[in-house]
Amino acid sequence: MKSLQSNDFELFGLAQGFAQDRAVLDARWKDLQRQMHPDKFADQGSAAQRLAMQWSVRINEAYQRLKDPLKRAAYLCELHGAPVNAENNTAMPAAFLMQQMAWREALDDASTLQDLEEISRQCKQAVCEVLSKIEQLLDQSQDYSGAVGQVRALMFLERFAADVNARLDQLEL
């Protein structure tokens with residue numbers, strides 16, 4: 001077993017990259033959880049159980065980061081000295097901000113299920129495009145600083161998608 005201080009990719013025995021096979025990730029998570037489950041250490045005393053609990057928490061934290069494309073991208077940027085710092089750096093290109101404003105207005109004006117579904121479709125398409133750019137920047141170009149802007153764009157898009165889904169849920173009630 002690696003160290004508790006290993007990075008998430010090392011912990012899971014994965015190549016350090018944005019593109020990951022979710023089935024492999026899930027299988028590795030289950031295997032690690034099985035190996036380090038605290039109940040397996042019940043006969044080895046409380047210190048061994050505490051350590052197993054720490055491992056279990058660490059494995060779950062790594063899994064949550066690795067399975068989510070946004071968290072995984074931000075983590076890769078951070079590992080390579082390009083933290084996203086979204087809480088204090090919200091600078092975005094003007095064209096992106098204009099698109100966001102247009103979508104927000106369209107969402108405010110949307111009154112039918114069809115309107116909302118079209119906005120949702122456009123948002124999903126934008127998310128796919130950004131994810132593709134992130135993969136290219138991280139895995140092909142190793143441009144971690146360049147990927148930071150795309151990670152922030154993905155944050156905006158995921159927030160907007162959640163707002164669209166909330167409106168869709170309201171309309172369907």
# chains A, B, ... in the order shown; residues from 1 in each chain; ligands from 1
$ residues_around --residues "A:Lys124" --least-positions-apart "4" --cutoff "12 Å" --atoms "only C-alpha atoms" --output "ChimeraX atom specification"
/A:117-120,128-131,154,157-162,164-165
$ residues_around --residues "A:Trp55" --least-positions-apart "6" --cutoff "10 Å" --atoms "only C-alpha atoms" --output "ChimeraX atom specification"
/A:1,3-4,32-33,35-38,49,61
$ closest_residue --among "A:Leu11, A:Ala94, A:Val148, A:Val84" --to "A:Ala62" --atoms "only C-alpha atoms"
A:Leu11
$ closest_residue --among "A:Phe156, A:Tyr144, A:Tyr63, A:Phe96" --to "A:Glu10" --atoms "only C-alpha atoms"
A:Tyr63
$ atom_distance --atom1 "atom CA of A:Ala166" --atom2 "atom CA of A:Lys67"
23.3 Å
$ atom_distance --atom1 "atom CA of A:Ile134" --atom2 "atom CA of A:Asp115"
28.8 Å
$ closest_residue --among "A:Phe12, A:Phe18, A:Trp103, A:Trp29" --to "A:Cys77" --atoms "only C-alpha atoms"
A:Phe18
$ atom_distance --atom1 "atom CA of A:Tyr75" --atom2 "atom CA of A:Ser145"
12.3 Å
$ select_by_dssp --residues "stretch 40-153 of chain A" --states "helix (DSSP H, G or I)" --output "PyMOL selection string"
chain A and resi 40-44+46-67+69-79+94-109+113-140+144-153
$ closest_residue --among "A:Leu70, A:Leu168, A:Ala102, A:Ala82" --to "A:Asp143" --atoms "only C-alpha atoms"
A:Ala82
$ closest_residue --among "A:Ala153, A:Ala74, A:Leu116, A:Leu107" --to "A:Pro93" --atoms "only C-alpha atoms"
A:Ala153
